[in-house]
Every structure is written in C-alpha cells, then in structure tokens.
file final06.cif (mmCIF, C-alpha atoms)
data_query
loop_
_atom_site.label_atom_id
_atom_site.label_comp_id
_atom_site.auth_asym_id
_atom_site.auth_seq_id
_atom_site.Cartn_x
_atom_site.Cartn_y
_atom_site.Cartn_z
CA THR Y 4 218.49 168.19 52.96
CA ARG Y 5 221.80 167.52 54.67
CA ALA Y 6 223.05 165.55 51.67
CA VAL Y 7 222.30 168.42 49.27
CA SER Y 8 224.07 170.88 51.57
CA MET Y 9 227.13 168.64 51.80
CA ILE Y 10 227.29 168.14 48.03
CA LYS Y 11 227.16 171.90 47.50
CA GLY Y 12 229.57 172.62 50.34
CA ASN Y 13 232.19 170.05 49.27
CA PHE Y 14 232.03 170.83 45.55
CA ASP Y 15 235.28 172.06 44.02
CA LYS Y 16 233.97 174.89 41.82
CA GLU Y 17 237.23 175.27 39.93
CA ASN Y 18 238.09 171.64 39.24
CA GLY Y 19 234.89 169.68 39.68
CA GLY Y 20 234.55 166.78 42.06
CA PHE Y 21 234.48 167.02 45.82
CA GLY Y 22 237.12 167.98 48.35
CA ALA Y 23 240.86 168.19 47.68
CA ALA Y 24 243.45 165.90 46.13
CA PRO Y 25 243.54 162.99 45.64
CA LYS Y 26 240.23 163.02 43.77
CA PHE Y 27 238.14 159.84 43.68
CA PHE Y 28 234.90 159.25 41.81
CA GLU Y 29 231.77 159.80 43.91
CA PRO Y 30 229.02 158.26 41.77
CA ASP Y 31 226.34 158.24 44.48
CA SER Y 32 226.73 162.00 44.98
CA LEU Y 33 226.19 162.58 41.26
CA THR Y 34 223.23 160.16 41.14
CA PHE Y 35 221.62 162.04 44.02
CA ALA Y 36 222.37 165.41 42.41
CA PHE Y 37 220.67 164.33 39.16
CA LEU Y 38 217.67 162.96 41.08
CA MET Y 39 217.17 166.12 43.13
CA HIS Y 40 217.67 168.38 40.13
CA HIS Y 41 214.99 166.47 38.24
CA ARG Y 42 212.61 166.79 41.18
CA THR Y 43 213.30 170.38 42.28
CA ARG Y 44 214.87 171.99 39.18
CA ASP Y 45 217.82 173.10 41.33
CA GLU Y 46 220.20 174.29 38.59
CA GLU Y 47 223.16 174.37 40.97
CA LEU Y 48 222.94 170.59 41.43
CA LYS Y 49 222.81 170.09 37.68
CA ASP Y 50 225.88 172.29 37.23
CA ILE Y 51 227.76 170.42 39.97
CA ALA Y 52 227.09 167.05 38.36
CA LEU Y 53 227.85 168.09 34.78
CA THR Y 54 230.97 170.08 35.70
CA THR Y 55 232.32 167.10 37.64
CA LEU Y 56 231.65 164.70 34.77
CA ARG Y 57 233.36 167.01 32.28
CA LYS Y 58 236.42 167.47 34.52
CA GLN Y 59 236.68 163.74 35.26
CA LEU Y 60 237.32 163.14 31.57
CA GLY Y 61 240.85 164.35 32.34
CA ILE Y 62 241.65 160.85 33.63
CA PHE Y 63 239.94 159.00 30.77
CA ASP Y 64 242.27 156.92 28.58
CA PRO Y 65 242.05 158.54 25.09
CA VAL Y 66 243.57 155.49 23.37
CA TRP Y 67 241.83 152.43 24.83
CA GLY Y 68 238.98 154.10 26.69
CA GLY Y 69 237.99 153.57 30.29
CA PHE Y 70 238.74 155.62 33.39
CA TYR Y 71 241.82 155.35 35.54
CA ARG Y 72 241.24 154.69 39.22
CA TYR Y 73 241.61 158.21 40.63
CA ALA Y 74 243.39 161.55 40.17
CA VAL Y 75 246.49 162.28 42.21
CA ASP Y 76 245.88 166.02 41.82
CA ALA Y 77 242.81 168.19 42.36
CA ALA Y 78 242.39 169.12 38.68
CA TRP Y 79 241.90 165.59 37.28
CA THR Y 80 245.07 165.79 35.16
CA THR Y 81 247.40 163.26 36.83
CA PRO Y 82 245.89 159.79 37.17
CA HIS Y 83 246.80 156.72 39.13
CA TYR Y 84 246.78 154.47 36.09
CA GLU Y 85 245.16 151.30 37.43
CA LYS Y 86 241.72 150.59 35.96
CA MET Y 87 239.04 148.96 38.12
CA LEU Y 88 235.84 147.28 36.96
CA ASP Y 89 233.65 148.94 39.59
CA THR Y 90 234.92 152.39 38.56
CA GLN Y 91 233.82 151.74 34.98
CA ALA Y 92 230.44 150.35 36.06
CA MET Y 93 229.43 153.34 38.15
CA ALA Y 94 230.81 155.89 35.68
CA ILE Y 95 228.58 154.43 32.96
CA ARG Y 96 225.48 155.28 35.01
CA ASN Y 97 226.53 158.88 35.71
CA TYR Y 98 227.39 159.58 32.08
CA LEU Y 99 224.13 157.99 30.90
CA ASP Y 100 222.24 160.37 33.22
CA ALA Y 101 224.16 163.32 31.80
CA TYR Y 102 223.50 162.23 28.21
CA GLN Y 103 219.78 161.77 28.84
CA LEU Y 104 219.52 165.14 30.57
CA THR Y 105 221.49 167.17 28.03
CA GLY Y 106 221.65 165.15 24.81
CA GLU Y 107 225.31 166.18 24.53
CA ARG Y 108 227.44 163.78 22.51
CA ARG Y 109 230.46 163.94 24.85
CA TYR Y 110 228.61 162.08 27.60
CA ARG Y 111 227.45 159.33 25.26
CA ALA Y 112 230.99 159.07 23.89
CA ALA Y 113 232.28 158.51 27.43
CA VAL Y 114 229.83 155.62 27.92
CA GLU Y 115 230.80 154.09 24.59
CA GLY Y 116 234.50 154.54 25.39
CA ILE Y 117 234.13 152.76 28.72
CA MET Y 118 232.33 149.87 27.06
CA ARG Y 119 234.93 149.66 24.30
CA TYR Y 120 237.62 149.29 26.95
CA VAL Y 121 235.68 146.80 29.09
CA ASP Y 122 234.72 144.68 26.08
CA ARG Y 123 238.34 144.47 24.95
CA PHE Y 124 240.24 144.04 28.22
CA LEU Y 125 237.87 143.12 31.06
CA SER Y 126 235.39 140.70 29.46
CA ASN Y 127 235.18 136.99 28.73
CA PRO Y 128 233.17 137.01 25.47
CA GLY Y 129 232.77 133.25 25.23
CA ARG Y 130 231.70 132.36 28.74
CA GLY Y 131 230.40 135.66 30.04
CA GLY Y 132 231.72 137.56 33.02
CA PHE Y 133 233.81 140.65 33.69
CA PHE Y 134 237.39 140.69 35.01
CA ALA Y 135 238.36 142.69 38.08
CA SER Y 136 241.07 145.17 37.06
CA GLN Y 137 244.10 146.05 34.96
CA ASP Y 138 247.47 147.08 36.42
CA ALA Y 139 248.86 150.59 36.20
CA ASP Y 140 252.24 149.37 34.91
CA VAL Y 141 253.72 146.80 32.51
CA GLY Y 142 255.81 144.00 34.02
CA SER Y 143 254.66 144.35 37.62
CA HIS Y 144 253.55 140.69 37.68
CA ASP Y 145 256.37 139.25 35.57
CA PRO Y 146 259.91 139.32 37.04
CA HIS Y 147 261.35 138.47 33.61
CA ALA Y 148 259.66 141.36 31.78
CA ASN Y 149 260.95 144.89 31.44
CA PHE Y 150 259.11 147.13 33.89
CA VAL Y 151 257.48 150.19 32.31
CA ASP Y 152 255.82 152.73 34.59
CA GLY Y 153 252.23 153.72 33.80
CA GLU Y 154 253.17 157.39 33.61
CA GLU Y 155 255.36 156.56 30.63
CA TYR Y 156 253.28 153.76 29.12
CA TYR Y 157 249.91 155.47 28.96
CA LEU Y 158 251.31 158.49 27.13
CA LEU Y 159 251.94 156.19 24.16
CA GLY Y 160 249.66 155.38 21.25
CA GLU Y 161 248.14 152.01 20.37
CA LYS Y 162 251.05 150.58 18.37
CA GLU Y 163 253.70 151.70 20.86
CA ARG Y 164 251.76 150.22 23.77
CA LEU Y 165 251.26 146.86 22.06
CA ALA Y 166 254.95 146.70 21.13
CA ILE Y 167 255.86 146.92 24.83
CA GLY Y 168 253.10 144.62 26.08
CA ILE Y 169 249.78 144.91 27.88
CA PRO Y 170 249.49 145.64 31.62
CA HIS Y 171 248.46 142.60 33.62
CA VAL Y 172 244.71 141.95 33.88
CA ASP Y 173 243.38 140.38 37.08
CA LEU Y 174 241.11 137.66 35.66
CA THR Y 175 239.16 137.21 38.89
CA VAL Y 176 235.41 137.37 38.23
CA LEU Y 177 234.00 138.95 41.40
CA THR Y 178 230.26 138.53 41.87
CA HIS Y 179 229.75 141.96 43.43
CA TRP Y 180 231.47 143.89 40.64
CA ASN Y 181 229.90 141.69 37.96
CA GLY Y 182 226.50 142.57 39.37
CA LEU Y 183 227.37 146.26 39.15
CA MET Y 184 228.62 146.02 35.56
CA ALA Y 185 225.81 143.77 34.34
CA GLU Y 186 223.31 146.28 35.72
CA SER Y 187 225.17 149.11 33.99
CA TYR Y 188 225.19 147.24 30.66
CA LEU Y 189 221.44 146.72 31.00
CA LYS Y 190 221.02 150.45 31.58
CA VAL Y 191 223.06 151.11 28.42
CA TYR Y 192 220.58 148.95 26.52
CA GLN Y 193 217.67 150.94 27.93
CA VAL Y 194 219.09 154.33 26.98
CA LEU Y 195 221.10 153.60 23.83
CA GLY Y 196 219.31 150.50 22.55
CA ASP Y 197 222.53 148.44 22.52
CA LYS Y 198 221.21 144.85 22.31
CA ARG Y 199 224.73 143.40 22.44
CA ALA Y 200 225.23 145.02 25.86
CA ARG Y 201 221.92 143.56 27.05
CA ASP Y 202 222.73 140.09 25.77
CA PHE Y 203 226.20 139.99 27.34
CA ALA Y 204 224.84 141.21 30.68
CA LEU Y 205 222.17 138.50 30.66
CA LYS Y 206 224.72 135.88 29.63
CA THR Y 207 226.91 136.93 32.56
CA LEU Y 208 224.07 136.86 35.08
CA ASP Y 209 222.86 133.46 33.86
CA MET Y 210 226.36 131.97 34.04
CA LEU Y 211 227.07 133.30 37.52
CA TYR Y 212 223.71 132.22 38.90
CA VAL Y 213 224.14 128.65 37.62
CA THR Y 214 227.73 128.29 38.82
CA ARG Y 215 227.66 130.25 42.09
CA TYR Y 216 224.19 130.21 43.61
CA ARG Y 217 223.14 127.48 46.03
CA GLU Y 218 219.72 127.77 47.64
CA GLY Y 219 220.06 128.42 51.34
CA ALA Y 220 223.67 129.56 51.00
CA GLY Y 221 223.27 132.61 48.75
CA ILE Y 222 225.52 133.46 45.85
CA ALA Y 223 229.28 133.00 46.19
CA HIS Y 224 231.96 135.67 45.90
CA TYR Y 225 234.10 133.92 43.29
CA PHE Y 226 234.77 130.51 41.72
CA ALA Y 227 238.00 128.56 42.20
CA HIS Y 228 239.26 124.98 42.48
CA GLY Y 229 236.14 123.70 40.73
CA LYS Y 230 233.59 125.15 43.13
CA PRO Y 231 232.08 128.43 44.36
CA GLN Y 232 233.96 130.15 47.18
CA GLN Y 233 232.87 132.47 50.04
CA ALA Y 234 229.12 132.14 49.74
CA GLY Y 235 226.68 134.50 51.37
CA LEU Y 236 228.58 137.80 51.58
CA LEU Y 237 226.20 140.74 51.88
CA VAL Y 238 227.98 142.77 49.21
CA ASP Y 239 227.41 140.01 46.64
CA GLN Y 240 223.78 139.30 47.52
CA VAL Y 241 222.83 142.97 47.20
CA ALA Y 242 224.65 143.77 43.96
CA PHE Y 243 223.69 140.55 42.21
CA ALA Y 244 220.02 140.65 43.25
CA ARG Y 245 219.83 144.27 42.05
CA ALA Y 246 221.25 143.24 38.66
CA LEU Y 247 218.68 140.42 38.43
CA LEU Y 248 215.94 142.96 39.10
CA GLU Y 249 217.28 145.10 36.23
CA ALA Y 250 217.27 141.97 34.04
CA TYR Y 251 213.58 141.54 34.84
CA VAL Y 252 212.93 145.15 33.83
CA VAL Y 253 214.45 144.69 30.35
CA THR Y 254 213.17 141.16 29.63
CA ALA Y 255 209.84 140.90 31.51
CA ASP Y 256 211.04 137.36 32.30
CA ARG Y 257 209.70 136.67 35.79
CA SER Y 258 212.40 134.07 36.42
CA TYR Y 259 214.86 136.93 36.97
CA LEU Y 260 212.56 138.47 39.58
CA GLN Y 261 212.15 135.08 41.24
CA LYS Y 262 215.92 134.57 41.36
CA ALA Y 263 216.36 137.99 42.96
CA GLU Y 264 213.75 137.09 45.57
CA ARG Y 265 215.51 133.78 46.31
CA ILE Y 266 218.79 135.55 46.96
CA VAL Y 267 217.09 138.12 49.17
CA ALA Y 268 215.35 135.33 51.11
CA ASP Y 269 218.76 133.77 51.78
CA MET Y 270 220.10 137.21 52.70
CA HIS Y 271 217.41 137.53 55.39
CA THR Y 272 218.00 134.01 56.72
CA LEU Y 273 221.78 134.18 56.80
CA LEU Y 274 222.60 137.82 57.46
CA GLU Y 275 219.76 139.81 59.04
CA ASP Y 276 220.21 141.03 62.60
CA LYS Y 277 216.81 140.00 63.96
CA THR Y 278 217.33 142.02 67.13
CA ALA Y 279 218.76 145.39 66.11
CA GLY Y 280 217.92 145.48 62.40
CA GLY Y 281 220.27 145.68 59.43
CA PHE Y 282 222.41 142.98 57.86
CA PHE Y 283 225.78 141.52 58.76
CA ASP Y 284 228.50 141.42 56.10
CA MET Y 285 228.81 137.62 56.37
CA ALA Y 286 227.11 134.73 58.12
CA PHE Y 287 228.27 133.77 61.60
CA ASP Y 288 230.82 130.95 61.46
CA PRO Y 289 231.62 129.25 64.80
CA ASP Y 290 234.85 127.89 63.31
CA ALA Y 291 236.13 131.31 62.25
CA LYS Y 292 239.26 132.83 63.77
CA GLY Y 293 240.05 136.30 65.11
CA MET Y 294 238.02 139.20 63.73
CA LEU Y 295 236.02 136.87 61.46
CA LEU Y 296 234.27 135.59 64.60
CA ARG Y 297 232.49 138.93 64.77
CA PRO Y 298 230.66 139.81 61.55
CA GLU Y 299 230.15 143.54 61.05
CA LYS Y 300 227.17 145.51 59.77
CA PRO Y 301 228.66 147.78 57.07
CA THR Y 302 226.66 150.96 56.66
CA ILE Y 303 227.33 151.36 52.94
CA GLU Y 304 226.08 147.88 52.06
CA ASN Y 305 223.12 148.24 54.42
CA ALA Y 306 222.14 151.42 52.59
CA ARG Y 307 222.31 149.55 49.29
CA ALA Y 308 220.35 146.65 50.80
CA SER Y 309 217.62 149.07 51.85
CA ILE Y 310 217.40 150.46 48.31
CA LEU Y 311 217.13 146.93 46.89
CA LEU Y 312 214.40 145.98 49.36
CA SER Y 313 212.39 149.13 48.61
CA GLU Y 314 212.59 148.39 44.90
CA LEU Y 315 211.50 144.79 45.38
CA TYR Y 316 208.48 146.12 47.24
CA TYR Y 317 207.57 148.40 44.34
CA PHE Y 318 207.79 145.51 41.87
CA THR Y 319 206.01 142.87 43.97
CA ASP Y 320 203.81 144.79 46.43
CA ASN Y 321 205.11 142.39 49.08
CA LYS Y 322 205.02 144.46 52.26
CA MET Y 323 207.67 142.24 53.85
CA TYR Y 324 210.25 143.99 51.68
CA LYS Y 325 209.03 147.43 52.69
CA GLN Y 326 209.17 146.50 56.37
CA SER Y 327 212.66 145.05 55.99
CA ALA Y 328 213.85 148.19 54.21
CA GLU Y 329 212.46 150.27 57.08
CA ARG Y 330 214.21 148.14 59.72
CA THR Y 331 217.46 148.46 57.80
CA LEU Y 332 217.08 152.23 57.52
CA GLN Y 333 216.33 152.54 61.23
CA TYR Y 334 219.55 150.67 61.98
CA LEU Y 335 221.45 152.84 59.50
CA LEU Y 336 220.14 156.15 60.82
CA GLY Y 337 220.90 155.11 64.39
CA SER Y 338 224.38 153.81 63.62
CA ARG Y 339 227.48 155.61 64.84
CA SER Y 340 229.44 154.34 61.85
CA PRO Y 341 229.86 156.92 59.09
CA TYR Y 342 228.38 156.49 55.63
CA PRO Y 343 228.25 158.72 52.54
CA PRO Y 344 225.40 161.22 53.04
CA ALA Y 345 224.31 160.97 49.39
CA LEU Y 346 223.95 157.19 49.59
CA GLY Y 347 222.02 157.44 52.83
CA ALA Y 348 219.76 160.06 51.26
CA LEU Y 349 219.18 157.82 48.23
CA ALA Y 350 218.14 154.98 50.55
CA VAL Y 351 215.74 157.18 52.53
CA ASP Y 352 214.31 158.69 49.34
CA ARG Y 353 213.76 155.26 47.77
CA HIS Y 354 211.85 154.14 50.83
CA LEU Y 355 209.73 157.23 51.45
CA ASN Y 356 208.98 158.45 47.92
CA TYR Y 357 207.02 156.12 45.66
CA PRO Y 358 208.76 156.15 42.28
CA LEU Y 359 207.26 157.08 38.96
CA HIS Y 360 205.97 153.71 37.73
CA ILE Y 361 205.42 153.05 34.02
CA VAL Y 362 203.36 149.94 33.28
CA ILE Y 363 202.93 148.57 29.77
CA VAL Y 364 200.01 146.20 29.18
CA GLY Y 365 200.19 144.22 25.94
CA GLU Y 366 201.34 141.02 24.28
CA LYS Y 367 205.13 141.03 24.55
CA LYS Y 368 205.66 140.06 20.90
CA GLU Y 369 203.39 142.82 19.53
CA PRO Y 370 205.36 145.60 17.75
CA THR Y 371 203.37 148.36 19.48
CA THR Y 372 204.02 146.79 22.87
CA GLN Y 373 207.73 146.66 22.05
CA SER Y 374 207.73 150.31 20.98
CA LEU Y 375 205.90 151.44 24.13
CA TRP Y 376 208.26 149.35 26.24
CA ASN Y 377 211.40 150.69 24.56
CA GLU Y 378 210.20 154.28 24.91
CA SER Y 379 209.36 153.69 28.59
CA LEU Y 380 212.85 152.33 29.22
CA ARG Y 381 214.45 155.25 27.38
CA VAL Y 382 212.50 158.18 28.82
CA TYR Y 383 214.49 160.24 31.34
CA ALA Y 384 212.94 160.12 34.80
CA PRO Y 385 215.54 159.31 37.50
CA GLY Y 386 214.39 156.57 39.84
CA LYS Y 387 211.53 155.40 37.61
CA THR Y 388 210.43 151.77 37.48
CA VAL Y 389 209.18 150.05 34.31
CA MET Y 390 207.11 146.88 34.14
CA LEU Y 391 205.61 144.98 31.21
CA LEU Y 392 202.45 142.96 31.91
CA ASP Y 393 201.55 140.44 29.19
CA PRO Y 394 197.83 139.51 29.34
CA SER Y 395 198.64 136.02 28.03
CA LYS Y 396 200.63 135.12 31.15
CA ASP Y 397 200.62 137.92 33.74
CA LYS Y 398 198.04 139.07 36.25
CA LEU Y 399 197.08 142.58 35.14
CA ALA Y 400 197.55 144.13 38.55
CA ILE Y 401 200.22 145.49 40.85
CA GLY Y 402 199.00 145.27 44.41
CA GLU Y 403 195.53 146.79 44.54
CA VAL Y 404 195.88 148.57 41.18
CA SER Y 405 194.33 146.65 38.27
CA PHE Y 406 194.79 147.40 34.58
CA PRO Y 407 192.20 146.67 31.88
CA LYS Y 408 192.91 144.45 28.89
CA LEU Y 409 192.30 146.77 25.94
CA ALA Y 410 192.09 146.02 22.24
CA LYS Y 411 195.48 147.69 21.77
CA PRO Y 412 198.66 147.70 23.87
CA ALA Y 413 198.85 150.68 26.23
CA ALA Y 414 201.19 152.28 28.74
CA TYR Y 415 200.17 153.80 32.07
CA VAL Y 416 202.12 156.31 34.11
CA CYS Y 417 201.43 155.80 37.80
CA THR Y 418 202.18 157.27 41.19
CA ASP Y 419 201.23 155.59 44.45
CA LEU Y 420 197.79 157.18 44.29
CA LEU Y 421 196.67 157.18 40.67
CA CYS Y 422 197.50 156.28 37.08
CA SER Y 423 197.22 158.15 33.82
CA LYS Y 424 194.78 157.35 31.06
CA PRO Y 425 196.05 154.63 28.69
CA ILE Y 426 198.74 155.85 26.30
CA GLU Y 427 198.57 153.90 23.04
CA LYS Y 428 201.03 155.81 20.84
CA PRO Y 429 204.73 155.46 21.73
CA GLY Y 430 205.48 158.93 20.36
CA GLN Y 431 203.09 160.47 22.88
CA LEU Y 432 204.52 158.76 25.97
CA ARG Y 433 207.02 161.46 26.87
CA GLU Y 434 204.52 164.31 26.45
CA ASN Y 435 201.80 162.45 28.37
CA LEU Y 436 204.24 161.63 31.14
CA GLU Y 437 205.19 165.28 31.57
CA GLN Y 438 201.53 166.36 31.52
CA PHE Y 439 200.66 163.75 34.13
CA LEU Y 440 203.50 164.85 36.40
CA ARG Y 441 202.47 168.50 36.13
CA ALA Y 442 198.87 167.63 36.95
CA THR Y 443 199.79 165.52 39.98
CA SER Y 444 202.61 167.62 41.42
#

call {"tool": "encode", "arguments": {"input": "final06.cif", "output": "structure tokens"}}
result
Amino acid sequence: TRAVSMIKGNFDKENGGFGAAPKFFEPDSLTFAFLMHHRTRDEELKDIALTTLRKQLGIFDPVWGGFYRYAVDAAWTTPHYEKMLDTQAMAIRNYLDAYQLTGERRYRAAVEGIMRYVDRFLSNPGRGGFFASQDADVGSHDPHANFVDGEEYYLLGEKERLAIGIPHVDLTVLTHWNGLMAESYLKVYQVLGDKRARDFALKTLDMLYVTRYREGAGIAHYFAHGKPQQAGLLVDQVAFARALLEAYVVTADRSYLQKAERIVADMHTLLEDKTAGGFFDMAFDPDAKGMLLRPEKPTIENARASILLSELYYFTDNKMYKQSAERTLQYLLGSRSPYPPALGALAVDRHLNYPLHIVIVGEKKEPTTQSLWNESLRVYAPGKTVMLLDPSKDKLAIGEVSFPKLAKPAAYVCTDLLCSKPIEKPGQLRENLEQFLRATS
C-alpha cells in the first residue's frame, strides 16, 4: 500500500524515526507497521518499528521517566525538554506492542517508566484526571524564581533537581488527552495486568463524564469557573468515546458502551456534515466571530472518527455506525487537505477488514471466565476486539451470530464468517487462536 511504501521510504535507517531533524514521534506509523507485520510477516516493517522505538529512548528521562517532546537532532540525542501528556499516552501503546511482539524487557521498562512519571507529575490521585504538560525549564512561570534551562536541569540527578525546584506543571485537565491516556492505561492493564492502572483510568473516565458531559451538547473540553467549557469539540468526542469503548472491553459493563454511544449520537447531531460527509471540528455558532464562524473538517480527527465508528459497529452490529464510517472515509479520501498516510490507512483497514473477534461466554464472577477473559485481553493480535457475554444478563449473540450456553465458560475466536470451536482451557487459547487463523487464512 501507499502507506507502507511511505513508511519504508521515509525511514531513517541510521537513526530510526522518519525524515530529518527535528524528530517527532509518529505513533500511528508504528501502529500501522506492527499491524501490517502481524498480517503479512513483513520483517522490514518490524525492524523499522523496533529500531525507531529503541532509538527514541535517547530522549527518555532516565531519572523521572517519561519522554521529552521531540528531538532537536536526527539521532534522538538532544531533546526539547518539555513533556506532554499526549506524547506519553501514545508512546505507551507503541512500547506495549513491541513488548508483546518480542518479550524484551526494555520495552516493558519504557512503559513502566512512562507510567511512573505520569503517576508522579501528571496525575490527580484523589480526584482522577491527568494534567496536560510539564515545562522544559525551571522558573519560566515564576518571575521571582531563578531560571534554570532544561539543558542544564535535566542532566542532574533526583536530589539536585529537587533542590532547585520542579518545572511548572500545567494542571489543565484536557478531555481529549485524558481520553488518550485513560485508553492507554486500560491497555496497560490488558497486557501487564496492572489493576491500579485500570482503576485510575476508570476513575478518570467516570469523573470526567459526570462533570463534563451534557446530553445533547456532548462532552466539554475542560472545566473552569464551576462549569464545563467548550462543549462538543470533535477531538474530545472521538477520544473520550474511544476510551469509554476500551473501558467496556475491560469491564464488560455495558454502561460504558452506552455512554460511548450517547457521545457519538451527539457527535452526529452537532457535527456531521449531512451533505458532504465527515464531521466539523465544532458546532456552528451564529454568534461566533471571524474564523470561528466557519467550522473546519479536520482530516486527522475525521480519520480517528471513522476508526471509532467502525469499532462501534463491530461491538454493536448497528449498521448505522458502519455507514457513518464509510461516509466519513469517502469525505476523507476525497479531501484535498493532507493527512498522515498511516492514519488514513488505519482508518481504511478498520473499515474494510473485520477484526479478529474473541468472545468469552460465561458468568463474569467465575474464575475460569476471568482466566479466559484475561488471556484474551493479553494475547497479541493487533486490532483484535474482545467481548465478554454473561449468560445471566447478556444476550448470547452478536448480530446474527449466536453462542450456546455451555456447562463451562468458553472462548470463541471469530472472523466475520465463522467462529472456532469453544475453547474451555485458558492455557490453550493462544494455540487455538493461531491454529484457527492458519486454517482460515
């Protein structure tokens, strides 16, 4: 595909990453590389992704953890020292993929180092929520403090840093970035079994939904002056609904799925271009001034919206979501505005290629159900979906596919056309999955 060719063509073989200095993270390119390697066994894509992730560690803070914003040079040795929440969120996902694929400790250590940093500096442990960023320098927000440049400060150890002071943290809790990080924390739980990460992500999502969502208005961008502000931005609806969908995956609590669907319903009402397809970045406001009178249709967020809609279709079998994803893709592919090829390819792939679907049927509280569920969440299969159906409260069907209620809990590996025989032993899930894929490929 064009995206694969561009990833290979832009790859910096010597230094990792793509293009020349300055070097920014390109998480969607790595996600797409891992997906296509898994599907086609293209070893060059695997090497590109892993080389990039190893080289990027050159701008990882060895003292407090976390990645700096970008590299000034091509070799990932000279960082711009600001740390951003969204950088950490997307890096977690890439390094989890690398750890699952290789089992190498360095990739897991990177994930744990990011979380150690975020937990310490960018989290509100009592209330829930993640803060936006941390400055590159000390004293940049305090005219009475001694200014210390990041190039000097971040060469110091823990004690020396604390003696000088801590770079300013922007305490803004942005809905978009909180959705990204909550989703990443839920993925950490799936792969590493970190229940604390799961619980904090759920706490954050619950808090933000209660304080920022208003039916008919969507979820708001931030909270200030005692009320939610800037409701209904596309970027927030997409990221937060996607995080709610991930919360449903790890809890089997249908209220999270219902909340995601509510937000997407508002997104359609407020933001969809009913004529040309796609979504505007904000609702039309007749009282707006200047450029705000003309909402735009950002290609990046429309690509992410299409991915979200495709995934909602796979979880609900509601064809409205599939049709909306297709309209959004048609707008995207016909747009003259540029967008990252890897992200566009991910959106097209999510729509056209039915994902590997693992369905667990069993009482949620049963130990065997839990073991099958945990193994399904952990198994490495990029793009997979996982769903737990509890016979005591769920309909044992997804669309036209029905599942029997057996004497024991069982897992089923499904494509769009057929499902495997019931798998009752958690230890056999991985082997059965691989056998099923070989037989159906």

call {"tool": "closest_residue", "arguments": {"input": "final06.cif", "among": "Y:Leu312, Y:Ile51, Y:Leu335, Y:Met87", "to": "Ala348 (chain Y)", "atoms": "only C-alpha atoms"}}
result
Y:Leu335

call {"tool": "closest_residue", "arguments": {"input": "final06.cif", "among": "Y:Phe21, Y:Phe133, Y:Tyr156, Y:Phe27", "to": "Tyr188 (chain Y)", "atoms": "only C-alpha atoms"}}
result
Y:Phe133

call {"tool": "atom_distance", "arguments": {"input": "final06.cif", "atom1": "CA of Thr319 (chain Y)", "atom2": "CA of Leu236 (chain Y)"}}
result
24.4 Å

call {"tool": "closest_residue", "arguments": {"input": "final06.cif", "among": "Y:Arg257, Y:Thr178, Y:Glu186, Y:Tyr157", "to": "Gln91 (chain Y)", "atoms": "only C-alpha atoms"}}
result
Y:Glu186

call {"tool": "resolve_selection", "arguments": {"input": "final06.cif", "expression": "the PyMOL selection byres ((chain Y and resi 429) around 9)", "output": "list of chain:residue names"}}
result
Y:Thr371, Y:Thr372, Y:Ser374, Y:Leu375, Y:Trp376, Y:Asn377, Y:Glu378, Y:Ser379, Y:Ala413, Y:Ala414, Y:Ile426, Y:Glu427, Y:Lys428, Y:Gly430, Y:Gln431, Y:Leu432, Y:Arg433

call {"tool": "resolve_selection", "arguments": {"input": "final06.cif", "expression": "the PyMOL selection byres ((chain Y and resi 125) around 8)", "output": "ChimeraX atom specification"}}
result
/Y:88,120-124,126-127,133-137,172,174

call {"tool": "closest_residue", "arguments": {"input": "final06.cif", "among": "Y:Pro394, Y:Pro30, Y:Pro385, Y:Gly106", "to": "Pro407 (chain Y)", "atoms": "all atoms listed in the file"}}
result
Y:Pro394

call {"tool": "residues_near_point", "arguments": {"input": "final06.cif", "point": "(220.5, 146.8, 52.3)", "cutoff": "12 Å", "atoms": "all atoms listed in the file", "output": "PyMOL selection string"}}
result
chain Y and resi 237-242+244-245+267+270-271+274-276+280-284+300-315+324-325+327-335+346-347+349-351+353-354

call {"tool": "resolve_selection", "arguments": {"input": "final06.cif", "expression": "the PyMOL selection byres ((chain Y and resi 443) around 12)", "output": "PyMOL selection string"}}
result
chain Y and resi 359+416-423+436-442+444

call {"tool": "atom_distance", "arguments": {"input": "final06.cif", "atom1": "CA of Ala255 (chain Y)", "atom2": "CA of Ala200 (chain Y)"}}
result
16.9 Å

call {"tool": "closest_residue", "arguments": {"input": "final06.cif", "among": "Y:Ala74, Y:Ala166, Y:Leu195, Y:Met210", "to": "Tyr110 (chain Y)", "atoms": "all atoms listed in the file"}}
result
Y:Leu195

call {"tool": "atom_distance", "arguments": {"input": "final06.cif", "atom1": "CA of Pro341 (chain Y)", "atom2": "CA of Thr4 (chain Y)"}}
result
17.1 Å

call {"tool": "closest_residue", "arguments": {"input": "final06.cif", "among": "Y:Val191, Y:Leu260, Y:Ala78, Y:Ala384", "to": "Arg57 (chain Y)", "atoms": "only C-alpha atoms"}}
result
Y:Ala78

call {"tool": "residues_around", "arguments": {"input": "final06.cif", "residues": "Pro25 (chain Y)", "least_positions_apart": "6", "cutoff": "8 Å", "atoms": "all atoms listed in the file", "output": "list in words"}}
result
Tyr73, Ala74, Val75, Asp76 and Ala77 of chain Y

call {"tool": "build_atoms", "arguments": {"input": "final06.cif", "residues": "region 299-310 of chain Y", "atoms": "N, CA and C atoms", "output": "short mmCIF file (atom, residue, chain, number, x, y, z; two decimals), keeping the file's coordinate frame"}}
result
data_model
loop_
_atom_site.label_atom_id
_atom_site.label_comp_id
_atom_site.auth_asym_id
_atom_site.auth_seq_id
_atom_site.Cartn_x
_atom_site.Cartn_y
_atom_site.Cartn_z
N GLU Y 299 230.49 142.13 60.89
CA GLU Y 299 230.15 143.54 61.05
C GLU Y 299 228.88 143.86 60.26
N LYS Y 300 228.33 145.04 60.53
CA LYS Y 300 227.17 145.51 59.77
C LYS Y 300 227.59 146.77 59.02
N PRO Y 301 228.13 146.62 57.81
CA PRO Y 301 228.66 147.78 57.07
C PRO Y 301 227.54 148.72 56.65
N THR Y 302 227.73 149.99 56.95
CA THR Y 302 226.66 150.96 56.66
C THR Y 302 226.43 151.14 55.17
N ILE Y 303 227.49 151.15 54.38
CA ILE Y 303 227.33 151.36 52.94
C ILE Y 303 226.49 150.24 52.33
N GLU Y 304 226.82 148.99 52.64
CA GLU Y 304 226.08 147.88 52.06
C GLU Y 304 224.67 147.77 52.64
N ASN Y 305 224.48 148.21 53.88
CA ASN Y 305 223.12 148.24 54.42
C ASN Y 305 222.27 149.29 53.72
N ALA Y 306 222.87 150.42 53.36
CA ALA Y 306 222.14 151.42 52.59
C ALA Y 306 221.72 150.85 51.24
N ARG Y 307 222.63 150.14 50.59
CA ARG Y 307 222.31 149.55 49.29
C ARG Y 307 221.27 148.43 49.44
N ALA Y 308 221.35 147.69 50.54
CA ALA Y 308 220.35 146.65 50.80
C ALA Y 308 218.97 147.27 50.97
N SER Y 309 218.90 148.39 51.66
CA SER Y 309 217.62 149.07 51.85
C SER Y 309 217.03 149.52 50.52
N ILE Y 310 217.87 150.05 49.64
CA ILE Y 310 217.40 150.46 48.31
C ILE Y 310 216.85 149.26 47.55
#
